[in-house]
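Chemist: Structure: upload.tsv, TSV, C-alpha atoms and all ligand atoms.
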```
chain	number	residue	atom	x	y	z
A	211	MET	CA	140.39	69.66	48.41
A	212	LYS	CA	137.40	71.85	47.78
A	213	THR	CA	135.65	70.35	50.79
A	214	PHE	CA	138.72	70.99	52.87
A	215	VAL	CA	138.85	74.69	51.91
A	216	LEU	CA	135.18	75.04	52.64
A	217	LEU	CA	135.53	73.42	56.07
A	218	ALA	CA	138.57	75.53	56.89
A	219	ALA	CA	136.64	78.64	55.97
A	220	LEU	CA	133.79	77.57	58.25
A	221	VAL	CA	136.16	77.04	61.15
A	222	VAL	CA	137.92	80.39	60.89
A	223	ALA	CA	134.94	82.51	59.95
A	224	PRO	CA	133.44	84.25	62.99
A	225	VAL	CA	129.83	83.29	63.64
A	226	VAL	CA	128.00	86.30	62.36
A	227	HIS	CA	124.57	86.91	63.83
A	228	ALA	CA	122.70	90.02	63.05
A	229	GLN	CA	122.82	92.01	66.26
A	230	ALA	CA	119.47	92.57	67.87
A	231	VAL	CA	119.00	95.67	70.01
A	232	TRP	CA	116.30	95.87	72.66
A	233	LYS	CA	115.21	99.04	74.35
A	234	LEU	CA	114.31	98.33	77.97
A	235	ALA	CA	112.26	101.08	79.63
A	236	THR	CA	112.06	101.57	83.38
A	237	GLY	CA	110.44	104.22	85.55
A	238	TYR	CA	113.08	104.19	88.28
A	239	ARG	CA	116.34	106.09	88.64
A	240	ALA	CA	119.51	104.75	87.05
A	241	GLU	CA	121.26	104.51	90.43
A	242	SER	CA	118.46	102.65	92.24
A	243	PHE	CA	119.15	99.01	93.01
A	244	HIS	CA	116.47	97.65	90.66
A	245	THR	CA	117.98	99.57	87.75
A	246	ARG	CA	121.54	98.57	88.62
A	247	ASN	CA	120.36	94.98	88.62
A	248	VAL	CA	118.71	95.48	85.21
A	249	GLN	CA	121.96	97.00	83.91
A	250	GLN	CA	123.90	93.98	85.10
A	251	PHE	CA	121.32	91.67	83.52
A	252	ALA	CA	121.79	93.54	80.21
A	253	ALA	CA	125.58	93.29	80.45
A	254	GLU	CA	125.41	89.56	81.19
A	255	VAL	CA	123.07	88.89	78.29
A	256	GLU	CA	125.39	90.75	75.95
A	257	ARG	CA	128.39	88.78	77.19
A	258	ALA	CA	126.67	85.38	77.10
A	259	ALA	CA	125.16	86.06	73.67
A	260	GLN	CA	128.55	87.22	72.41
A	261	GLY	CA	127.13	90.50	71.27
A	262	ALA	CA	124.19	89.00	69.36
A	263	LEU	CA	121.79	90.93	71.62
A	264	ARG	CA	122.35	94.33	73.16
A	265	ILE	CA	119.87	95.64	75.73
A	266	GLU	CA	119.80	99.42	76.14
A	267	VAL	CA	118.38	100.45	79.50
A	268	HIS	CA	116.37	103.70	79.52
A	269	ALA	CA	115.89	104.71	83.16
A	270	ASN	CA	113.90	107.34	85.04
A	271	ASN	CA	110.71	107.38	82.91
A	272	SER	CA	112.83	108.75	80.04
A	273	LEU	CA	111.40	106.49	77.32
A	274	PHE	CA	107.91	105.87	78.75
A	275	LYS	CA	106.34	106.68	82.08
A	276	LEU	CA	106.17	103.80	84.55
A	277	ALA	CA	102.46	103.13	84.04
A	278	GLU	CA	102.72	103.23	80.23
A	279	ILE	CA	105.56	100.73	79.99
A	280	PRO	CA	103.47	97.50	79.75
A	281	ASN	CA	101.39	98.88	76.85
A	282	ALA	CA	104.47	100.25	75.12
A	283	VAL	CA	106.12	96.82	75.28
A	284	GLN	CA	102.95	95.05	74.22
A	285	GLN	CA	102.71	97.30	71.17
A	286	GLY	CA	106.40	96.83	70.38
A	287	ARG	CA	107.30	100.50	70.95
A	288	ALA	CA	109.98	99.17	73.29
A	289	GLU	CA	111.08	95.53	73.25
A	290	ALA	CA	111.34	95.19	77.01
A	291	GLY	CA	110.42	96.99	80.20
A	292	GLU	CA	110.25	97.03	83.95
A	293	THR	CA	107.33	98.15	86.03
A	294	ILE	CA	105.95	97.68	89.51
A	295	MET	CA	103.68	94.66	89.28
A	296	THR	CA	100.82	96.28	91.13
A	297	SER	CA	100.50	98.87	88.37
A	298	LEU	CA	99.15	96.06	86.17
A	299	VAL	CA	96.03	95.43	88.28
A	300	GLY	CA	93.70	97.18	85.82
A	301	ASP	CA	94.32	94.39	83.29
A	302	MET	CA	95.24	91.55	85.62
A	303	PRO	CA	93.90	91.94	89.16
A	304	ILE	CA	96.06	89.06	90.40
A	305	ALA	CA	99.10	91.32	89.96
A	306	GLY	CA	97.88	93.06	93.13
A	307	ALA	CA	98.49	90.03	95.35
A	308	ASP	CA	101.76	91.42	96.59
A	309	ALA	CA	100.22	94.68	97.80
A	310	VAL	CA	97.58	93.15	100.06
A	311	PRO	CA	98.63	94.45	103.47
A	312	PHE	CA	100.03	92.17	106.16
A	313	VAL	CA	99.99	88.92	104.17
A	314	VAL	CA	103.68	88.73	103.30
A	315	ARG	CA	105.85	89.61	106.32
A	316	THR	CA	109.30	88.31	105.37
A	317	TYR	CA	111.40	87.74	102.27
A	318	ALA	CA	110.74	83.99	102.60
A	319	ASP	CA	106.97	84.72	102.51
A	320	ALA	CA	107.52	86.97	99.51
A	321	ARG	CA	109.28	84.11	97.75
A	322	ARG	CA	106.37	81.71	98.40
A	323	MET	CA	103.95	84.35	97.16
A	324	TRP	CA	105.92	84.86	93.95
A	325	ASP	CA	106.15	81.11	93.28
A	326	LEU	CA	102.34	80.94	93.46
A	327	GLN	CA	101.71	84.18	91.61
A	328	ARG	CA	104.17	83.65	88.78
A	329	PRO	CA	102.24	81.05	86.71
A	330	LEU	CA	99.11	83.22	86.86
A	331	ILE	CA	101.01	86.33	85.79
A	332	GLU	CA	102.66	84.36	82.99
A	333	GLY	CA	99.23	83.26	81.76
A	334	HIS	CA	97.97	86.86	81.62
A	335	PHE	CA	101.18	88.05	80.02
A	336	ALA	CA	100.91	85.37	77.33
A	337	GLN	CA	97.44	86.66	76.42
A	338	ARG	CA	98.97	90.10	75.94
A	339	GLY	CA	101.97	88.91	73.93
A	340	LEU	CA	104.36	89.51	76.81
A	341	LYS	CA	106.86	87.24	78.50
A	342	ALA	CA	107.90	87.64	82.14
A	343	LEU	CA	111.66	87.52	82.66
A	344	TYR	CA	112.10	88.04	86.39
A	345	ALA	CA	110.71	89.82	89.43
A	346	VAL	CA	112.44	91.37	92.44
A	347	PRO	CA	110.78	92.76	95.57
A	348	TRP	CA	111.19	96.21	97.01
A	349	PRO	CA	112.17	96.20	100.69
A	350	PRO	CA	109.19	95.97	103.08
A	351	GLN	CA	106.80	98.90	103.11
A	352	GLY	CA	106.89	101.10	106.19
A	353	LEU	CA	104.98	104.16	107.28
A	354	PHE	CA	106.63	107.60	107.05
A	355	SER	CA	105.09	110.62	108.68
A	356	ILE	CA	106.05	114.25	109.17
A	357	ALA	CA	104.57	114.13	112.69
A	358	PRO	CA	104.13	111.33	115.25
A	359	VAL	CA	100.89	109.36	114.79
A	360	LYS	CA	99.14	107.37	117.51
A	361	SER	CA	96.00	106.09	115.87
A	362	ALA	CA	94.16	105.94	112.57
A	363	ALA	CA	92.25	109.09	113.56
A	364	ASP	CA	95.46	111.08	113.13
A	365	PHE	CA	95.29	110.54	109.36
A	366	LYS	CA	91.84	112.11	108.91
A	367	GLY	CA	92.04	115.03	106.53
A	368	THR	CA	95.80	114.65	105.98
A	369	ARG	CA	97.51	113.99	102.63
A	370	MET	CA	99.02	110.61	102.02
A	371	ARG	CA	101.34	109.90	99.10
A	372	THR	CA	100.23	106.95	96.94
A	373	TYR	CA	101.84	104.99	94.11
A	374	ASN	CA	99.30	102.32	93.12
A	375	PRO	CA	95.63	101.40	93.58
A	376	ALA	CA	96.38	99.59	96.85
A	377	THR	CA	97.96	102.63	98.48
A	378	VAL	CA	95.05	104.76	97.26
A	379	ARG	CA	92.56	102.40	98.94
A	380	ILE	CA	94.57	102.43	102.17
A	381	ALA	CA	94.64	106.23	102.22
A	382	GLU	CA	90.85	106.21	101.74
A	383	LEU	CA	90.33	103.68	104.52
A	384	LEU	CA	92.38	105.94	106.82
A	385	GLY	CA	90.34	108.99	105.84
A	386	ALA	CA	93.39	110.65	104.23
A	387	THR	CA	93.47	112.30	100.82
A	388	PRO	CA	95.50	110.18	98.37
A	389	VAL	CA	98.14	112.18	96.47
A	390	ASP	CA	99.69	110.28	93.58
A	391	VAL	CA	103.42	111.05	93.34
A	392	PRO	CA	105.90	109.03	91.23
A	393	MET	CA	108.79	107.60	93.21
A	394	VAL	CA	111.29	109.90	91.54
A	395	GLU	CA	109.32	113.02	92.59
A	396	VAL	CA	108.72	112.25	96.28
A	397	ASN	CA	111.52	114.56	97.40
A	398	GLN	CA	110.09	117.54	95.50
A	399	ALA	CA	106.53	116.88	96.68
A	400	LEU	CA	107.68	116.75	100.31
A	401	ALA	CA	109.78	119.89	99.96
A	402	ALA	CA	106.78	121.67	98.46
A	403	GLY	CA	104.75	120.73	101.56
A	404	LYS	CA	102.31	118.54	99.63
A	405	LEU	CA	102.49	115.41	101.81
A	406	ASP	CA	101.97	114.43	105.43
A	407	SER	CA	102.67	110.72	105.22
A	408	MET	CA	103.38	107.81	102.90
A	409	ILE	CA	103.77	104.05	102.90
A	410	THR	CA	106.85	102.92	101.02
A	411	SER	CA	110.22	101.29	101.66
A	412	ALA	CA	112.95	102.75	103.85
A	413	LEU	CA	115.05	102.64	100.68
A	414	THR	CA	112.68	104.96	98.84
A	415	GLY	CA	112.91	107.29	101.83
A	416	VAL	CA	116.70	107.25	101.57
A	417	GLU	CA	116.76	107.75	97.80
A	418	ASN	CA	114.49	110.75	98.19
A	419	GLN	CA	116.38	112.12	101.21
A	420	VAL	CA	113.11	112.59	103.04
A	421	TRP	CA	114.70	113.65	106.36
A	422	GLY	CA	114.13	117.35	105.67
A	423	GLN	CA	110.40	116.92	106.34
A	424	ILE	CA	109.80	113.37	107.55
A	425	LYS	CA	110.40	112.86	111.26
A	426	GLN	CA	108.98	109.37	111.85
A	427	TYR	CA	109.39	105.95	110.29
A	428	TYR	CA	107.30	103.06	111.59
A	429	GLY	CA	108.52	99.67	110.42
A	430	ILE	CA	105.09	98.16	109.84
A	431	ASN	CA	106.31	95.68	107.18
A	432	ALA	CA	103.02	96.06	105.38
A	433	TRP	CA	103.83	94.28	102.10
A	434	PHE	CA	106.67	93.56	99.65
A	435	PRO	CA	105.72	94.89	96.19
A	436	LYS	CA	107.73	93.51	93.30
A	437	ASN	CA	109.10	94.99	90.12
A	438	ILE	CA	108.75	92.79	87.08
A	439	VAL	CA	110.97	92.79	84.00
A	440	PHE	CA	109.36	91.54	80.81
A	441	VAL	CA	109.77	91.41	77.07
A	442	ASN	CA	107.58	91.46	74.01
A	443	GLN	CA	107.11	87.77	73.11
A	444	LYS	CA	107.67	88.38	69.39
A	445	ALA	CA	110.96	90.16	70.07
A	446	PHE	CA	111.99	87.20	72.23
A	447	ASP	CA	110.92	84.61	69.65
A	448	ALA	CA	112.87	86.44	66.94
A	449	LEU	CA	116.15	85.59	68.71
A	450	PRO	CA	118.14	82.50	67.77
A	451	PRO	CA	117.53	79.74	70.36
A	452	PRO	CA	120.97	80.00	72.04
A	453	VAL	CA	120.44	83.74	72.55
A	454	ARG	CA	117.00	83.08	74.05
A	455	GLN	CA	118.72	80.67	76.37
A	456	SER	CA	121.23	83.38	77.40
A	457	VAL	CA	118.34	85.73	78.19
A	458	THR	CA	116.46	83.24	80.37
A	459	GLN	CA	119.63	82.19	82.14
A	460	ALA	CA	120.67	85.80	82.86
A	461	ALA	CA	117.10	86.54	84.01
A	462	ALA	CA	117.19	83.70	86.54
A	463	GLU	CA	120.49	85.04	87.86
A	464	ALA	CA	119.15	88.61	87.99
A	465	GLU	CA	116.20	87.35	90.02
A	466	SER	CA	118.30	85.66	92.70
A	467	ARG	CA	120.83	88.50	92.79
A	468	GLY	CA	118.00	91.06	93.07
A	469	TRP	CA	116.34	89.31	96.00
A	470	ALA	CA	119.61	89.17	97.95
A	471	LEU	CA	120.31	92.83	97.13
A	472	SER	CA	116.84	93.89	98.24
A	473	GLU	CA	117.22	92.16	101.58
A	474	SER	CA	120.60	93.69	102.36
A	475	ILE	CA	119.50	97.17	101.25
A	476	ALA	CA	116.41	96.88	103.45
A	477	GLN	CA	118.60	96.70	106.56
A	478	GLU	CA	121.01	99.41	105.47
A	479	SER	CA	118.24	101.84	104.57
A	480	VAL	CA	116.58	101.72	107.98
A	481	GLY	CA	120.01	102.43	109.55
A	482	GLU	CA	120.51	105.36	107.19
A	483	LEU	CA	117.13	106.89	108.08
A	484	GLN	CA	118.11	106.67	111.74
A	485	ARG	CA	121.52	108.26	111.13
A	486	LYS	CA	119.79	111.15	109.38
A	487	GLY	CA	117.75	111.83	112.50
A	488	ILE	CA	114.43	110.14	111.66
A	489	GLN	CA	112.75	108.49	114.65
A	490	VAL	CA	112.59	104.78	113.75
A	491	GLY	CA	110.34	102.40	115.64
A	492	ARG	CA	107.26	100.22	115.68
A	493	ALA	CA	103.78	101.59	115.25
A	494	PRO	CA	102.06	102.53	118.55
A	495	ALA	CA	99.78	99.71	119.76
A	496	GLU	CA	96.48	101.39	118.89
A	497	LEU	CA	97.56	102.28	115.37
A	498	ASP	CA	99.06	98.84	114.90
A	499	ALA	CA	95.77	97.14	115.79
A	500	GLU	CA	93.82	99.50	113.53
A	501	LEU	CA	96.18	98.90	110.62
A	502	LYS	CA	95.80	95.14	111.03
A	503	ARG	CA	91.99	95.49	110.92
A	504	LEU	CA	92.28	97.70	107.87
A	505	GLY	CA	94.50	95.03	106.30
A	506	GLU	CA	91.85	92.37	106.95
A	507	ARG	CA	89.20	94.51	105.37
A	508	PHE	CA	91.44	95.17	102.40
A	509	SER	CA	92.10	91.42	102.01
A	510	ARG	CA	88.37	90.62	102.08
A	511	GLU	CA	87.62	93.25	99.47
A	512	TRP	CA	90.52	92.06	97.37
A	513	VAL	CA	89.61	88.36	97.41
A	514	GLN	CA	85.98	89.23	96.59
A	515	SER	CA	86.90	91.47	93.69
A	516	VAL	CA	89.54	89.16	92.20
A	517	GLY	CA	87.61	85.91	92.63
A	518	ASN	CA	88.99	82.48	91.83
A	519	GLU	CA	92.54	83.48	90.98
A	520	ALA	CA	92.92	85.01	94.44
A	521	ASN	CA	92.10	81.60	95.93
A	522	LYS	CA	94.76	80.01	93.75
A	523	ILE	CA	97.31	82.08	95.64
A	524	PHE	CA	95.85	82.50	99.11
A	525	ILE	CA	94.66	78.93	99.73
A	526	PRO	CA	98.06	77.32	99.12
A	527	TYR	CA	99.81	80.35	100.67
A	528	TYR	CA	97.99	79.90	103.96
A	529	PHE	CA	97.33	76.17	104.04
A	530	GLN	CA	100.22	74.42	102.32
A	531	ARG	CA	103.25	75.61	104.18
B	1	LIG	N1	109.22	102.27	96.33
B	1	LIG	C1	108.40	102.55	95.20
B	1	LIG	C2	107.46	101.40	95.14
B	1	LIG	C3	107.64	100.63	96.36
B	1	LIG	C4	108.80	101.21	97.02
B	1	LIG	O1	109.36	100.76	98.03
B	1	LIG	C5	107.62	103.81	95.38
B	1	LIG	O2	107.59	104.34	96.48
B	1	LIG	O3	107.01	104.28	94.41
```
Please lay out the structure from this file as C-alpha cells.
Ligand code: PCA
Modeler:
Amino acid sequence: MKTFVLLAALVVAPVVHAQAVWKLATGYRAESFHTRNVQQFAAEVERAAQGALRIEVHANNSLFKLAEIPNAVQQGRAEAGETIMTSLVGDMPIAGADAVPFVVRTYADARRMWDLQRPLIEGHFAQRGLKALYAVPWPPQGLFSIAPVKSAADFKGTRMRTYNPATVRIAELLGATPVDVPMVEVNQALAAGKLDSMITSALTGVENQVWGQIKQYYGINAWFPKNIVFVNQKAFDALPPPVRQSVTQAAAEAESRGWALSESIAQESVGELQRKGIQVGRAPAELDAELKRLGERFSREWVQSVGNEANKIFIPYYFQR
C-alpha cells in the first residue's frame, strides 16, 4: 500500500527542475535577422526544456558591447553571447578565415568553410571555457560608396568604414583611412558625413537606410562573415543532460534556419537598395582586377601570419572538393 501511494505520488507530481536563466548578449539590433533567429532559438529551448531553461536575449550592445561579449561570457558575467567571429582573431587567428577576401563566393562555399573551421574554433573555445552552439553567415559583403569608383586609386585619402581587423587591413591596402563604426551606428556616421565608402552586406545597408548618402553598391561578393553563438561551458555543464540535449538540438535547428534566412535576405536586400535609388552593379573591370590582387595579397599575409591552422582549412578547402 505504502509503495503504491509513493508511486502514485511520483506519477502525479510535476517534474520540478530548478529553472536556469541564461543571459545571452548580442551586439546587433533586436529586429535584425540574426537576433530574430537567436530569439527563436531561445523560445525553442524553453519549450523543449519545458521551462527548465530560460534564455533572455539582450540585443543592441545593451548588456556588453559586441567586442566585449566573448570575455564577458568566458568570465561568466553573461552565460551566453553572440559575436561576429572575426572579432575573435586577437585570441584565435583562425576565426578570421571567413573574412579573407574572395575565397568564399557562395553559400555552398561558406558551408564548406564552416565545416572545416568549426573543429578548430571548438578547440580554441574549449581552452577558454566556451562552447560553440551555432554559426550563421551574414549575406555576402559588397562595396558601398557615396560616389562612383573606377579604380583603387579613387580610395586614396578617403574614409572607409571598418568593423573588424580584416576591413581595417583592406582600407589600408586601398590607401583609405579606416573608420571603425559599429553596425548599429552606420546610419548616424553617414549622416554626419564621416564616411565615403564601406564593405558590408546589402542587408546592413538596408538596416541603416544608407540611401541618403550612398549612391553606389557594387556586388563584389568579397566574403561571408559569420556570427557565432556560444555559451560558457560551466553554465552548459550545470544543466541536466536532457536540457543540454534540448540546447544542442535547438542550436542545430537555429543554424540551418539561419543559413536559409541569410540567403533569402541577401536577395531581398539588394532589391531594396535598388528600389531606394542606389545604383546596383558589378565593380568596374579595373577596380575588380585590383580588388582581386588585393585579395591575393591579403590571403598570403593571412596564411603566413596564422601558420599551420590556416593550412588545415585552405588545403582541404581548395583541394578536396
Ligand atoms: N554586417 C555587419 C557585419 C557584416 C555585415 O554584413 C557590419 O557591417 O558590422
Chemist: List all protein, DNA and RNA residues that have at least one atom no more than 9 Å from any atom of ligand LIG 1 (chain B), counting only C-alpha atoms and all ligand atoms, and write them as a PyMOL selection string.
Modeler: chain A and resi 238+294+347-352+371-374+391-394+396+408-415+434-437
Chemist: Near stretch 354-357 of chain A, within 7 Å and counting only C-alpha atoms, which residues show up once chain neighbours fewer than 3 positions away are dropped, as a list in words?
Modeler: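 Using only C-alpha atoms, the neighbours found are Asp406, Ser407, Met408, Ile409, Gln423, Ile424, Lys425, Gln426, Tyr427 and Tyr428 of chain A.
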Chemist: Fewer than 6 positions away in the same chain doesn't count, so skip those; otherwise give me all residues within 10 Å of A:Ala307, counting all atoms listed in the file, as a list in words.
Modeler: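 Those residues are Met295, Thr296, Val299, Val313, Val314, Met323, Trp324, Gln327, Ala376, Trp433, Phe434, Pro435, Ser509, Trp512, Val513, Val516, Glu519, Ala520, Ile523 and Phe524 of chain A.
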Chemist: Which residue out of A:Asn247, A:Thr293, A:Thr236, A:Ser515 has the minimum interatomic distance to A:His268 when only C-alpha atoms are used?
Modeler: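 So, comparing all the options, the nearest one is A:Thr236.
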Chemist: Restricting the calculation to only C-alpha atoms, which member of A:Trp469, A:Lys522, A:Asn281, A:Thr458 is positioned closest to A:Ala258?
Modeler: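 So, comparing all the options, the nearest one is A:Thr458.
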Chemist: What does the structure give for the distance between atom CA of A:Ser361 and atom CA of A:Asp498, in Å to one decimal?
Modeler: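 Separating atom CA of A:Ser361 from atom CA of A:Asp498 is a distance of 7.9 Å.
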Chemist: Between atom CA of A:Val420 and atom CA of A:Leu353, measure the distance and give it in Å to one decimal.
Modeler: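 One can read the atom CA of A:Val420 to atom CA of A:Leu353 distance as 12.5 Å.
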Chemist: Smallest atom-to-atom distance to A:Arg246: which of A:Ala461, A:Gln284, A:Val359, A:Ala269, using all atoms listed in the file?
Modeler: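 The closest residue to A:Arg246 is A:Ala269.
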Chemist: Please, what distance in Å, to one decimal, runs between atom CA of A:Gly517 and atom CA of A:Pro303?
Modeler: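 Separating atom CA of A:Gly517 from atom CA of A:Pro303 is a distance of 9.4 Å.
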Chemist: Please identify all polymer residues within 7 Å of A:Ala460, counting all atoms listed in the file, omitting same-chain residues fewer than 3 positions from it, and present them as number ranges by chain.
Modeler: A: 251, 254-255, 456-457, 463-464
Chemist: Taking the point (99.2, 92.1, 80.7) as given in the file, collect each protein or nucleic acid residue that comes within 7 Å of it, counting only C-alpha atoms, and present the set as a PyMOL selection string.
Modeler: chain A and resi 280+298+301-302+334-335+338+340
Chemist: Find, counting all atoms listed in the file, the residue in A:Val283, A:Ala240, A:Leu383, A:Ala318 that gets nearest to A:Ala342.
Modeler: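 Answer, going by the shortest atom-to-atom distance: A:Val283.
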Chemist: Box for stretch 260-269 of chain A: with edges along x, y and z, all listed atoms inside and 3 Å added on each side, what are the centre and edge lengths in Å to one decimal, as AutoDock Vina command-line options?
Modeler:
```
--center_x 122.2 --center_y 96.0 --center_z 76.3 --size_x 18.7 --size_y 23.5 --size_z 19.8
```
